[in-house]
Amino acid sequence: MAEASNPDTGKENPTFKIRRLEISDKRKGYMELLGQLTVAGPLTDDEFDRRFEEIRSYGDDHFICVIEDESSGKIVATGSVMIEKKFLRSCGKVGHVEDVVVDSEFRGKNLGKRVVEFLTEHSRSMGCYKVMLDCSVEKKGFYEKCGMFNRAIQMTKYFD
Ligand code: 16G
C-alpha cells in the first residue's frame with residue numbers, strides 16, 4: 001500500500017489507521033504488544049480465537065481498538081473499553097478503558113492519545129456519562145493530556 005507523505009517535510013511517513021481488533025491481528029503481533037504492558041501469555045491460537053468470539057458477542061459494549069503500522073503490517077497500539085450498565089444515575093452507563101499500550105518503538109507519535117480519544121468518543125456515543133481507568137503513577141501525565149484527572153485512588157486485590 002502507498003505511504004502517505006507528510007506535507008510539512010515532504011518525507012514519506014507510514015500511515016497509522018485506527019480500527020477494531022480483527023481475529024487475524026494475532027498474527028500481526030497483537031499479543032506481543034500486550035506483553036509490553038503486563039503478563040500476556042501463554043495463549044494458544046484456539047484460546048485466542050475462543051476469547052475473540054466471546055468478546056465479539058458483546059458487540060459495541062466491549063470494543064478493542066488497534067492501530068496498525070500499514071508499512072509493516074504490525075499492530076503498534078491498542079486499547080479497549082467496556083461499557084458498564086448501571087441502575088444509578090437513572091440507568092447510567094460508564095466506559096472502563098483498559099489495556100492501553102503503544103509499542104516501545106512507536107512512542108512519541110501521539111498514538112496512545114489517539115487510542116484514548118477513540119475509546120472516549122466510543123463511550124460518549126454509547127451514552128456513557130463518564131469514562132474512567134486505572135494506571136500506574138508514571139502514566140498520570142499522559143492521561144492528564146488526554147483530558148482526565150486523578151479523582152480517586154485505585155484499590156486492588158490479586159487472586160493467587
Ligand atoms: C494498567 C492498565 C490496565 C491493565 C493493567 C495490567 C490501562 C489504562 N490500565 O493498569 O488496563 O489491565 O495495567 O496490569 O491500560 P495487571 O496485569 O497487573 O493487572
# chains A, B, ... in the order shown; residues from 1 in each chain; ligands from 1

$ closest_atom_pairs --of "chain A" --to "ligand 1" --cutoff "7 Å" --atoms "only C-alpha atoms and all ligand atoms" --output "CSV"
residue,atom,partner,partner_atom_place_in_ligand_line,distance
A:Leu37,CA,ligand 1,13 (O),6.3
A:Thr38,CA,ligand 1,17 (O),4.8
A:Val39,CA,ligand 1,17 (O),5.8
A:Gly79,CA,ligand 1,15 (O),6.7
A:Val97,CA,ligand 1,8 (C),5.7
A:Glu98,CA,ligand 1,11 (O),3.3
A:Asp99,CA,ligand 1,15 (O),3.6
A:Val100,CA,ligand 1,15 (O),3.7
A:Val101,CA,ligand 1,15 (O),6.5
A:Leu133,CA,ligand 1,8 (C),5.1
A:Asp134,CA,ligand 1,10 (O),5.1
A:Cys135,CA,ligand 1,10 (O),4.0
A:Ser136,CA,ligand 1,10 (O),6.0

$ write_last_selection --atoms "N, CA and C atoms" --output "compact mmCIF listing (two decimals), in the first residue's frame"
# COMPACT_ATOMS: atom_id res chain seq x y z
N LEU A 37 2.75 -4.41 28.20
CA LEU A 37 2.00 -3.79 29.31
C LEU A 37 2.07 -4.65 30.57
N THR A 38 1.87 -5.96 30.39
CA THR A 38 1.86 -6.88 31.54
C THR A 38 2.01 -8.31 31.02
N VAL A 39 1.83 -9.28 31.91
CA VAL A 39 1.90 -10.69 31.51
C VAL A 39 0.77 -10.95 30.51
N GLY A 79 -6.01 -0.47 22.75
CA GLY A 79 -6.71 -0.13 23.99
C GLY A 79 -8.11 -0.69 23.87
N VAL A 97 -11.91 2.10 30.46
CA VAL A 97 -10.81 1.96 29.50
C VAL A 97 -9.74 1.04 30.09
N GLU A 98 -9.29 0.09 29.29
CA GLU A 98 -8.33 -0.92 29.75
C GLU A 98 -7.27 -1.20 28.68
N ASP A 99 -6.16 -1.75 29.14
CA ASP A 99 -5.15 -2.36 28.26
C ASP A 99 -4.69 -1.43 27.14
N VAL A 100 -4.30 -0.23 27.55
CA VAL A 100 -3.77 0.76 26.59
C VAL A 100 -2.25 0.58 26.53
N VAL A 101 -1.74 0.31 25.36
CA VAL A 101 -0.29 0.16 25.20
C VAL A 101 0.15 0.56 23.79
N LEU A 133 -10.44 4.96 34.16
CA LEU A 133 -9.42 3.92 34.02
C LEU A 133 -8.51 3.95 35.24
N ASP A 134 -7.73 2.90 35.42
CA ASP A 134 -6.65 2.97 36.39
C ASP A 134 -5.33 2.75 35.68
N CYS A 135 -4.30 3.36 36.23
CA CYS A 135 -3.00 3.29 35.56
C CYS A 135 -1.89 3.45 36.58
N SER A 136 -0.66 3.18 36.16
CA SER A 136 0.49 3.37 37.03
C SER A 136 0.73 4.87 37.22

$ residues_around --residues "region 65-76 of chain A" --least-positions-apart "3" --cutoff "9 Å" --atoms "only C-alpha atoms" --output "PDB file with all heavy atoms, in the first residue's frame"
ATOM      1  N   MET A   1       0.843  -1.204   0.000  1.00  0.00           N
ATOM      2  CA  MET A   1       0.000   0.000   0.000  1.00  0.00           C
ATOM      3  C   MET A   1       0.881   1.257   0.000  1.00  0.00           C
ATOM      4  O   MET A   1       1.913   1.288   0.669  1.00  0.00           O
ATOM      5  CB  MET A   1      -0.890  -0.029   1.245  1.00  0.00           C
ATOM      6  CG  MET A   1      -1.948   1.040   1.224  1.00  0.00           C
ATOM      7  SD  MET A   1      -3.100   0.873   2.604  1.00  0.00           S
ATOM      8  CE  MET A   1      -4.039  -0.558   2.055  1.00  0.00           C
ATOM      9  N   ALA A   2       0.429   2.289  -0.728  1.00  0.00           N
ATOM     10  CA  ALA A   2       1.223   3.516  -0.811  1.00  0.00           C
ATOM     11  C   ALA A   2       1.272   4.219   0.545  1.00  0.00           C
ATOM     12  O   ALA A   2       0.308   4.202   1.298  1.00  0.00           O
ATOM     13  CB  ALA A   2       0.597   4.443  -1.842  1.00  0.00           C
ATOM     14  N   GLU A   3       2.397   4.816   0.844  1.00  0.00           N
ATOM     15  CA  GLU A   3       2.526   5.535   2.107  1.00  0.00           C
ATOM     16  C   GLU A   3       2.138   6.989   1.905  1.00  0.00           C
ATOM     17  O   GLU A   3       2.418   7.592   0.868  1.00  0.00           O
ATOM     18  CB  GLU A   3       3.960   5.454   2.609  1.00  0.00           C
ATOM     19  CG  GLU A   3       4.327   4.056   3.065  1.00  0.00           C
ATOM     20  CD  GLU A   3       5.753   3.984   3.561  1.00  0.00           C
ATOM     21  OE1 GLU A   3       6.591   4.422   3.110  1.00  0.00           O
ATOM     22  OE2 GLU A   3       6.084   3.474   4.391  1.00  0.00           O
ATOM     23  N   ASN A  13       5.871   9.058   5.223  1.00  0.00           N
ATOM     24  CA  ASN A  13       5.536   8.639   6.582  1.00  0.00           C
ATOM     25  C   ASN A  13       4.656   7.407   6.536  1.00  0.00           C
ATOM     26  O   ASN A  13       3.751   7.349   5.731  1.00  0.00           O
ATOM     27  CB  ASN A  13       4.739   9.737   7.286  1.00  0.00           C
ATOM     28  CG  ASN A  13       5.620  10.636   8.109  1.00  0.00           C
ATOM     29  OD1 ASN A  13       6.722  10.243   8.449  1.00  0.00           O
ATOM     30  ND2 ASN A  13       5.150  11.818   8.394  1.00  0.00           N
ATOM     31  N   PRO A  14       4.881   6.462   7.444  1.00  0.00           N
ATOM     32  CA  PRO A  14       3.935   5.351   7.480  1.00  0.00           C
ATOM     33  C   PRO A  14       2.575   5.855   7.959  1.00  0.00           C
ATOM     34  O   PRO A  14       2.499   6.829   8.693  1.00  0.00           O
ATOM     35  CB  PRO A  14       4.542   4.386   8.490  1.00  0.00           C
ATOM     36  CG  PRO A  14       5.570   5.137   9.208  1.00  0.00           C
ATOM     37  CD  PRO A  14       5.912   6.374   8.441  1.00  0.00           C
ATOM     38  N   THR A  15       1.510   5.227   7.499  1.00  0.00           N
ATOM     39  CA  THR A  15       0.181   5.659   7.950  1.00  0.00           C
ATOM     40  C   THR A  15      -0.288   4.744   9.072  1.00  0.00           C
ATOM     41  O   THR A  15       0.002   3.562   9.090  1.00  0.00           O
ATOM     42  CB  THR A  15      -0.833   5.641   6.799  1.00  0.00           C
ATOM     43  OG1 THR A  15      -0.767   4.377   6.166  1.00  0.00           O
ATOM     44  CG2 THR A  15      -0.550   6.746   5.825  1.00  0.00           C
ATOM     45  N   PHE A  16      -0.970   5.351   9.990  1.00  0.00           N
ATOM     46  CA  PHE A  16      -1.446   4.627  11.168  1.00  0.00           C
ATOM     47  C   PHE A  16      -2.957   4.748  11.222  1.00  0.00           C
ATOM     48  O   PHE A  16      -3.477   5.802  11.566  1.00  0.00           O
ATOM     49  CB  PHE A  16      -0.832   5.230  12.432  1.00  0.00           C
ATOM     50  CG  PHE A  16       0.660   5.130  12.480  1.00  0.00           C
ATOM     51  CD1 PHE A  16       1.444   6.244  12.227  1.00  0.00           C
ATOM     52  CD2 PHE A  16       1.278   3.932  12.769  1.00  0.00           C
ATOM     53  CE1 PHE A  16       2.823   6.162  12.268  1.00  0.00           C
ATOM     54  CE2 PHE A  16       2.660   3.837  12.806  1.00  0.00           C
ATOM     55  CZ  PHE A  16       3.440   4.957  12.562  1.00  0.00           C
ATOM     56  N   LYS A  17      -3.622   3.657  10.872  1.00  0.00           N
ATOM     57  CA  LYS A  17      -5.095   3.681  10.899  1.00  0.00           C
ATOM     58  C   LYS A  17      -5.590   3.030  12.168  1.00  0.00           C
ATOM     59  O   LYS A  17      -5.072   1.997  12.590  1.00  0.00           O
ATOM     60  CB  LYS A  17      -5.638   2.898   9.697  1.00  0.00           C
ATOM     61  CG  LYS A  17      -5.810   3.742   8.471  1.00  0.00           C
ATOM     62  CD  LYS A  17      -6.986   3.234   7.626  1.00  0.00           C
ATOM     63  CE  LYS A  17      -6.895   3.775   6.217  1.00  0.00           C
ATOM     64  NZ  LYS A  17      -6.637   2.738   5.222  1.00  0.00           N
ATOM     65  N   ILE A  18      -6.638   3.619  12.760  1.00  0.00           N
ATOM     66  CA  ILE A  18      -7.222   3.044  13.964  1.00  0.00           C
ATOM     67  C   ILE A  18      -8.489   2.299  13.558  1.00  0.00           C
ATOM     68  O   ILE A  18      -9.263   2.782  12.738  1.00  0.00           O
ATOM     69  CB  ILE A  18      -7.474   4.142  15.027  1.00  0.00           C
ATOM     70  CG1 ILE A  18      -7.797   3.543  16.384  1.00  0.00           C
ATOM     71  CG2 ILE A  18      -8.516   5.138  14.593  1.00  0.00           C
ATOM     72  CD1 ILE A  18      -7.541   4.493  17.550  1.00  0.00           C
ATOM     73  N   ARG A  19      -8.648   1.115  14.096  1.00  0.00           N
ATOM     74  CA  ARG A  19      -9.801   0.284  13.727  1.00  0.00           C
ATOM     75  C   ARG A  19     -10.056  -0.731  14.827  1.00  0.00           C
ATOM     76  O   ARG A  19      -9.268  -0.879  15.756  1.00  0.00           O
ATOM     77  CB  ARG A  19      -9.524  -0.445  12.400  1.00  0.00           C
ATOM     78  CG  ARG A  19      -8.292  -1.336  12.455  1.00  0.00           C
ATOM     79  CD  ARG A  19      -8.218  -2.274  11.259  1.00  0.00           C
ATOM     80  NE  ARG A  19      -6.929  -2.976  11.193  1.00  0.00           N
ATOM     81  CZ  ARG A  19      -6.610  -4.032  11.906  1.00  0.00           C
ATOM     82  NH1 ARG A  19      -7.455  -4.541  12.791  1.00  0.00           N
ATOM     83  NH2 ARG A  19      -5.430  -4.614  11.790  1.00  0.00           N
ATOM     84  N   ARG A  20     -11.141  -1.480  14.664  1.00  0.00           N
ATOM     85  CA  ARG A  20     -11.490  -2.527  15.622  1.00  0.00           C
ATOM     86  C   ARG A  20     -10.534  -3.718  15.481  1.00  0.00           C
ATOM     87  O   ARG A  20     -10.072  -4.015  14.377  1.00  0.00           O
ATOM     88  CB  ARG A  20     -12.913  -2.986  15.324  1.00  0.00           C
ATOM     89  CG  ARG A  20     -13.517  -3.792  16.422  1.00  0.00           C
ATOM     90  CD  ARG A  20     -15.005  -4.049  16.153  1.00  0.00           C
ATOM     91  NE  ARG A  20     -15.639  -4.327  17.417  1.00  0.00           N
ATOM     92  CZ  ARG A  20     -16.830  -3.917  17.781  1.00  0.00           C
ATOM     93  NH1 ARG A  20     -17.563  -3.213  16.966  1.00  0.00           N
ATOM     94  NH2 ARG A  20     -17.325  -4.213  18.964  1.00  0.00           N
ATOM     95  N   LEU A  21     -10.247  -4.398  16.596  1.00  0.00           N
ATOM     96  CA  LEU A  21      -9.417  -5.610  16.548  1.00  0.00           C
ATOM     97  C   LEU A  21     -10.052  -6.650  15.624  1.00  0.00           C
ATOM     98  O   LEU A  21     -11.256  -6.870  15.671  1.00  0.00           O
ATOM     99  CB  LEU A  21      -9.295  -6.197  17.967  1.00  0.00           C
ATOM    100  CG  LEU A  21      -8.508  -7.503  18.090  1.00  0.00           C
ATOM    101  CD1 LEU A  21      -6.997  -7.254  17.972  1.00  0.00           C
ATOM    102  CD2 LEU A  21      -8.811  -8.206  19.422  1.00  0.00           C
ATOM    103  N   GLU A  22      -9.203  -7.285  14.796  1.00  0.00           N
ATOM    104  CA  GLU A  22      -9.668  -8.385  13.941  1.00  0.00           C
ATOM    105  C   GLU A  22      -8.971  -9.665  14.385  1.00  0.00           C
ATOM    106  O   GLU A  22      -7.872  -9.614  14.948  1.00  0.00           O
ATOM    107  CB  GLU A  22      -9.320  -8.092  12.465  1.00  0.00           C
ATOM    108  CG  GLU A  22     -10.088  -6.893  11.933  1.00  0.00           C
ATOM    109  CD  GLU A  22      -9.562  -6.385  10.590  1.00  0.00           C
ATOM    110  OE1 GLU A  22      -8.609  -7.001  10.038  1.00  0.00           O
ATOM    111  OE2 GLU A  22     -10.100  -5.375  10.121  1.00  0.00           O
ATOM    112  N   ASP A  25      -5.343 -10.269  13.747  1.00  0.00           N
ATOM    113  CA  ASP A  25      -4.327  -9.427  14.384  1.00  0.00           C
ATOM    114  C   ASP A  25      -3.407 -10.217  15.305  1.00  0.00           C
ATOM    115  O   ASP A  25      -2.341  -9.730  15.679  1.00  0.00           O
ATOM    116  CB  ASP A  25      -4.993  -8.267  15.148  1.00  0.00           C
ATOM    117  CG  ASP A  25      -5.609  -7.247  14.206  1.00  0.00           C
ATOM    118  OD1 ASP A  25      -5.122  -7.146  13.055  1.00  0.00           O
ATOM    119  OD2 ASP A  25      -6.575  -6.575  14.596  1.00  0.00           O
ATOM    120  N   ARG A  27      -1.738 -12.632  14.364  1.00  0.00           N
ATOM    121  CA  ARG A  27      -0.536 -12.853  13.533  1.00  0.00           C
ATOM    122  C   ARG A  27       0.233 -11.562  13.280  1.00  0.00           C
ATOM    123  O   ARG A  27       1.297 -11.579  12.680  1.00  0.00           O
ATOM    124  CB  ARG A  27      -0.942 -13.445  12.174  1.00  0.00           C
ATOM    125  CG  ARG A  27      -1.507 -14.851  12.253  1.00  0.00           C
ATOM    126  CD  ARG A  27      -1.517 -15.501  10.880  1.00  0.00           C
ATOM    127  NE  ARG A  27      -2.191 -14.666   9.887  1.00  0.00           N
ATOM    128  CZ  ARG A  27      -3.516 -14.718   9.660  1.00  0.00           C
ATOM    129  NH1 ARG A  27      -4.275 -15.533  10.335  1.00  0.00           N
ATOM    130  NH2 ARG A  27      -4.051 -13.943   8.735  1.00  0.00           N
ATOM    131  N   LYS A  28      -0.330 -10.438  13.701  1.00  0.00           N
ATOM    132  CA  LYS A  28       0.331  -9.145  13.452  1.00  0.00           C
ATOM    133  C   LYS A  28       0.969  -8.591  14.722  1.00  0.00           C
ATOM    134  O   LYS A  28       1.210  -7.382  14.810  1.00  0.00           O
ATOM    135  CB  LYS A  28      -0.688  -8.155  12.891  1.00  0.00           C
ATOM    136  CG  LYS A  28      -1.226  -8.568  11.524  1.00  0.00           C
ATOM    137  CD  LYS A  28      -2.183  -7.533  10.973  1.00  0.00           C
ATOM    138  CE  LYS A  28      -2.628  -7.913   9.574  1.00  0.00           C
ATOM    139  NZ  LYS A  28      -3.533  -6.903   8.996  1.00  0.00           N
ATOM    140  N   GLY A  29       1.179  -9.468  15.705  1.00  0.00           N
ATOM    141  CA  GLY A  29       1.915  -9.045  16.905  1.00  0.00           C
ATOM    142  C   GLY A  29       1.066  -8.467  18.016  1.00  0.00           C
ATOM    143  O   GLY A  29       1.592  -7.816  18.925  1.00  0.00           O
ATOM    144  N   TYR A  30      -0.258  -8.742  17.967  1.00  0.00           N
ATOM    145  CA  TYR A  30      -1.139  -8.153  18.989  1.00  0.00           C
ATOM    146  C   TYR A  30      -0.787  -8.630  20.401  1.00  0.00           C
ATOM    147  O   TYR A  30      -0.698  -7.829  21.329  1.00  0.00           O
ATOM    148  CB  TYR A  30      -2.601  -8.469  18.648  1.00  0.00           C
ATOM    149  CG  TYR A  30      -3.577  -7.999  19.698  1.00  0.00           C
ATOM    150  CD1 TYR A  30      -3.763  -6.639  19.942  1.00  0.00           C
ATOM    151  CD2 TYR A  30      -4.303  -8.918  20.462  1.00  0.00           C
ATOM    152  CE1 TYR A  30      -4.650  -6.206  20.918  1.00  0.00           C
ATOM    153  CE2 TYR A  30      -5.195  -8.488  21.434  1.00  0.00           C
ATOM    154  CZ  TYR A  30      -5.356  -7.135  21.659  1.00  0.00           C
ATOM    155  OH  TYR A  30      -6.227  -6.708  22.636  1.00  0.00           O
ATOM    156  N   LEU A  33       2.418  -7.166  21.674  1.00  0.00           N
ATOM    157  CA  LEU A  33       2.213  -5.780  22.090  1.00  0.00           C
ATOM    158  C   LEU A  33       1.633  -5.732  23.503  1.00  0.00           C
ATOM    159  O   LEU A  33       2.110  -4.976  24.358  1.00  0.00           O
ATOM    160  CB  LEU A  33       1.278  -5.079  21.091  1.00  0.00           C
ATOM    161  CG  LEU A  33       0.888  -3.641  21.430  1.00  0.00           C
ATOM    162  CD1 LEU A  33       2.117  -2.730  21.448  1.00  0.00           C
ATOM    163  CD2 LEU A  33      -0.144  -3.118  20.433  1.00  0.00           C
ATOM    164  N   GLY A  79      -6.008  -0.467  22.751  1.00  0.00           N
ATOM    165  CA  GLY A  79      -6.708  -0.126  23.985  1.00  0.00           C
ATOM    166  C   GLY A  79      -8.114  -0.688  23.866  1.00  0.00           C
ATOM    167  O   GLY A  79      -8.571  -1.014  22.764  1.00  0.00           O
ATOM    168  N   SER A  80      -8.789  -0.833  24.999  1.00  0.00           N
ATOM    169  CA  SER A  80     -10.147  -1.365  24.942  1.00  0.00           C
ATOM    170  C   SER A  80     -11.048  -0.573  25.870  1.00  0.00           C
ATOM    171  O   SER A  80     -10.574   0.146  26.764  1.00  0.00           O
ATOM    172  CB  SER A  80     -10.156  -2.842  25.326  1.00  0.00           C
ATOM    173  OG  SER A  80      -9.862  -2.991  26.697  1.00  0.00           O
ATOM    174  N   VAL A  81     -12.346  -0.706  25.636  1.00  0.00           N
ATOM    175  CA  VAL A  81     -13.302  -0.085  26.557  1.00  0.00           C
ATOM    176  C   VAL A  81     -14.482  -1.036  26.759  1.00  0.00           C
ATOM    177  O   VAL A  81     -14.944  -1.682  25.811  1.00  0.00           O
ATOM    178  CB  VAL A  81     -13.760   1.310  26.053  1.00  0.00           C
ATOM    179  CG1 VAL A  81     -14.565   1.247  24.776  1.00  0.00           C
ATOM    180  CG2 VAL A  81     -14.532   2.045  27.135  1.00  0.00           C
ATOM    181  N   VAL A 101      -1.738   0.314  25.357  1.00  0.00           N
ATOM    182  CA  VAL A 101      -0.286   0.158  25.203  1.00  0.00           C
ATOM    183  C   VAL A 101       0.147   0.557  23.795  1.00  0.00           C
ATOM    184  O   VAL A 101      -0.560   0.298  22.823  1.00  0.00           O
ATOM    185  CB  VAL A 101       0.166  -1.283  25.592  1.00  0.00           C
ATOM    186  CG1 VAL A 101      -0.597  -2.335  24.832  1.00  0.00           C
ATOM    187  CG2 VAL A 101       1.651  -1.499  25.416  1.00  0.00           C
ATOM    188  N   VAL A 102       1.304   1.213  23.736  1.00  0.00           N
ATOM    189  CA  VAL A 102       1.905   1.601  22.453  1.00  0.00           C
ATOM    190  C   VAL A 102       3.266   0.905  22.368  1.00  0.00           C
ATOM    191  O   VAL A 102       4.043   0.917  23.335  1.00  0.00           O
ATOM    192  CB  VAL A 102       2.098   3.137  22.364  1.00  0.00           C
ATOM    193  CG1 VAL A 102       2.789   3.532  21.062  1.00  0.00           C
ATOM    194  CG2 VAL A 102       0.759   3.860  22.493  1.00  0.00           C
ATOM    195  N   ASP A 103       3.554   0.308  21.235  1.00  0.00           N
ATOM    196  CA  ASP A 103       4.843  -0.354  21.008  1.00  0.00           C
ATOM    197  C   ASP A 103       5.988   0.610  21.327  1.00  0.00           C
ATOM    198  O   ASP A 103       5.958   1.776  20.908  1.00  0.00           O
ATOM    199  CB  ASP A 103       4.914  -0.791  19.541  1.00  0.00           C
ATOM    200  CG  ASP A 103       6.118  -1.654  19.247  1.00  0.00           C
ATOM    201  OD1 ASP A 103       7.257  -1.211  19.524  1.00  0.00           O
ATOM    202  OD2 ASP A 103       5.932  -2.752  18.724  1.00  0.00           O
ATOM    203  N   SER A 104       6.984   0.116  22.066  1.00  0.00           N
ATOM    204  CA  SER A 104       8.077   0.989  22.510  1.00  0.00           C
ATOM    205  C   SER A 104       8.783   1.687  21.342  1.00  0.00           C
ATOM    206  O   SER A 104       9.285   2.796  21.488  1.00  0.00           O
ATOM    207  CB  SER A 104       9.092   0.184  23.330  1.00  0.00           C
ATOM    208  OG  SER A 104       9.549  -0.900  22.565  1.00  0.00           O
ATOM    209  N   GLU A 105       8.783   1.063  20.175  1.00  0.00           N
ATOM    210  CA  GLU A 105       9.458   1.682  19.009  1.00  0.00           C
ATOM    211  C   GLU A 105       8.597   2.760  18.351  1.00  0.00           C
ATOM    212  O   GLU A 105       9.057   3.442  17.431  1.00  0.00           O
ATOM    213  CB  GLU A 105       9.783   0.614  17.962  1.00  0.00           C
ATOM    214  CG  GLU A 105      10.914  -0.295  18.365  1.00  0.00           C
ATOM    215  CD  GLU A 105      11.162  -1.372  17.321  1.00  0.00           C
ATOM    216  OE1 GLU A 105      10.877  -1.132  16.132  1.00  0.00           O
ATOM    217  OE2 GLU A 105      11.615  -2.454  17.731  1.00  0.00           O
ATOM    218  N   PHE A 106       7.342   2.865  18.771  1.00  0.00           N
ATOM    219  CA  PHE A 106       6.418   3.798  18.096  1.00  0.00           C
ATOM    220  C   PHE A 106       5.887   4.853  19.051  1.00  0.00           C
ATOM    221  O   PHE A 106       4.883   5.487  18.757  1.00  0.00           O
ATOM    222  CB  PHE A 106       5.266   3.014  17.457  1.00  0.00           C
ATOM    223  CG  PHE A 106       5.690   2.217  16.249  1.00  0.00           C
ATOM    224  CD1 PHE A 106       6.307   0.989  16.404  1.00  0.00           C
ATOM    225  CD2 PHE A 106       5.497   2.711  14.966  1.00  0.00           C
ATOM    226  CE1 PHE A 106       6.718   0.255  15.291  1.00  0.00           C
ATOM    227  CE2 PHE A 106       5.895   1.999  13.861  1.00  0.00           C
ATOM    228  CZ  PHE A 106       6.516   0.764  14.020  1.00  0.00           C
ATOM    229  N   LEU A 111       0.189   8.188  19.278  1.00  0.00           N
ATOM    230  CA  LEU A 111      -0.706   7.049  19.010  1.00  0.00           C
ATOM    231  C   LEU A 111      -1.526   6.701  20.251  1.00  0.00           C
ATOM    232  O   LEU A 111      -2.714   6.364  20.148  1.00  0.00           O
ATOM    233  CB  LEU A 111       0.103   5.824  18.544  1.00  0.00           C
ATOM    234  CG  LEU A 111       0.929   6.029  17.267  1.00  0.00           C
ATOM    235  CD1 LEU A 111       1.620   4.726  16.868  1.00  0.00           C
ATOM    236  CD2 LEU A 111       0.045   6.521  16.130  1.00  0.00           C
ATOM    237  N   VAL A 115      -5.619   6.554  20.651  1.00  0.00           N
ATOM    238  CA  VAL A 115      -6.350   5.387  21.176  1.00  0.00           C
ATOM    239  C   VAL A 115      -7.316   5.826  22.273  1.00  0.00           C
ATOM    240  O   VAL A 115      -8.506   5.485  22.255  1.00  0.00           O
ATOM    241  CB  VAL A 115      -5.361   4.315  21.700  1.00  0.00           C
ATOM    242  CG1 VAL A 115      -6.071   3.294  22.585  1.00  0.00           C
ATOM    243  CG2 VAL A 115      -4.662   3.617  20.538  1.00  0.00           C
ATOM    244  N   PHE A 118     -10.184   7.866  20.927  1.00  0.00           N
ATOM    245  CA  PHE A 118     -11.107   6.988  20.191  1.00  0.00           C
ATOM    246  C   PHE A 118     -12.043   6.257  21.159  1.00  0.00           C
ATOM    247  O   PHE A 118     -13.261   6.205  20.966  1.00  0.00           O
ATOM    248  CB  PHE A 118     -10.287   5.985  19.370  1.00  0.00           C
ATOM    249  CG  PHE A 118     -11.091   5.108  18.464  1.00  0.00           C
ATOM    250  CD1 PHE A 118     -11.329   5.475  17.147  1.00  0.00           C
ATOM    251  CD2 PHE A 118     -11.616   3.905  18.932  1.00  0.00           C
ATOM    252  CE1 PHE A 118     -12.074   4.656  16.309  1.00  0.00           C
ATOM    253  CE2 PHE A 118     -12.360   3.085  18.102  1.00  0.00           C
ATOM    254  CZ  PHE A 118     -12.592   3.459  16.777  1.00  0.00           C
ATOM    255  N   LEU A 119     -11.461   5.715  22.227  1.00  0.00           N
ATOM    256  CA  LEU A 119     -12.256   4.955  23.207  1.00  0.00           C
ATOM    257  C   LEU A 119     -13.185   5.887  23.992  1.00  0.00           C
ATOM    258  O   LEU A 119     -14.307   5.508  24.345  1.00  0.00           O
ATOM    259  CB  LEU A 119     -11.327   4.184  24.155  1.00  0.00           C
ATOM    260  CG  LEU A 119     -10.427   3.162  23.465  1.00  0.00           C
ATOM    261  CD1 LEU A 119      -9.396   2.603  24.449  1.00  0.00           C
ATOM    262  CD2 LEU A 119     -11.248   2.024  22.844  1.00  0.00           C
TER     263      LEU A 119
END

$ residues_around --residues "Lys86 (chain A)" --least-positions-apart "3" --cutoff "12 Å" --atoms "only C-alpha atoms" --output "list in words"
Ile83, Arg89, Ser90, Cys91, Gly92, Lys93, Val94, Gly95, Gly127, Cys128 and Tyr129 of chain A

$ atom_distance --atom1 "CA of Phe52 (chain A)" --atom2 "CA of Glu121 (chain A)"
22.6 Å

$ select_by_dssp --residues "chain A" --states "alpha helix (DSSP H)" --output "PyMOL selection string"
chain A and resi 30-34+45-56+88-91+111-125+140-145

$ atom_distance --atom1 "CA of His122 (chain A)" --atom2 "CA of Arg56 (chain A)"
15.7 Å

$ atom_distance --atom1 "CA of Thr120 (chain A)" --atom2 "CA of Gly147 (chain A)"
10.0 Å

$ select_by_dssp --residues "chain A" --states "strand (DSSP E or B)" --output "JSON, numbers by chain"
{"A": [4, 5, 12, 13, 16, 17, 18, 19, 20, 62, 63, 64, 65, 66, 67, 68, 69, 74, 75, 76, 77, 78, 79, 80, 81, 82, 83, 84, 85, 93, 94, 95, 96, 97, 98, 99, 100, 101, 102, 130, 131, 132]}

$ residues_around --residues "Met82 (chain A)" --least-positions-apart "6" --cutoff "6 Å" --atoms "only C-alpha atoms" --output "JSON list (two decimals) with N, CA, C and O atoms, in the first residue's frame"
[["chain", "number", "residue", "atom", "x", "y", "z"],
["A", 61, "ASP", "N", -20.52, -3.13, 23.33],
["A", 61, "ASP", "CA", -20.30, -3.00, 24.77],
["A", 61, "ASP", "C", -18.88, -3.39, 25.19],
["A", 61, "ASP", "O", -18.48, -3.17, 26.33],
["A", 62, "HIS", "N", -18.14, -4.01, 24.30],
["A", 62, "HIS", "CA", -16.73, -4.31, 24.58],
["A", 62, "HIS", "C", -15.97, -4.08, 23.28],
["A", 62, "HIS", "O", -16.02, -4.90, 22.36],
["A", 95, "GLY", "N", -17.90, 4.06, 30.75],
["A", 95, "GLY", "CA", -16.89, 3.40, 29.92],
["A", 95, "GLY", "C", -15.63, 3.13, 30.74],
["A", 95, "GLY", "O", -15.07, 4.06, 31.33],
["A", 96, "HIS", "N", -15.22, 1.87, 30.80],
["A", 96, "HIS", "CA", -14.00, 1.50, 31.51],
["A", 96, "HIS", "C", -12.89, 1.22, 30.49],
["A", 96, "HIS", "O", -12.96, 0.23, 29.75]]

$ closest_residue --among "A:Thr156, A:Ser123, A:Val116, A:Thr78" --to "Glu32 (chain A)" --atoms "only C-alpha atoms"
A:Thr78
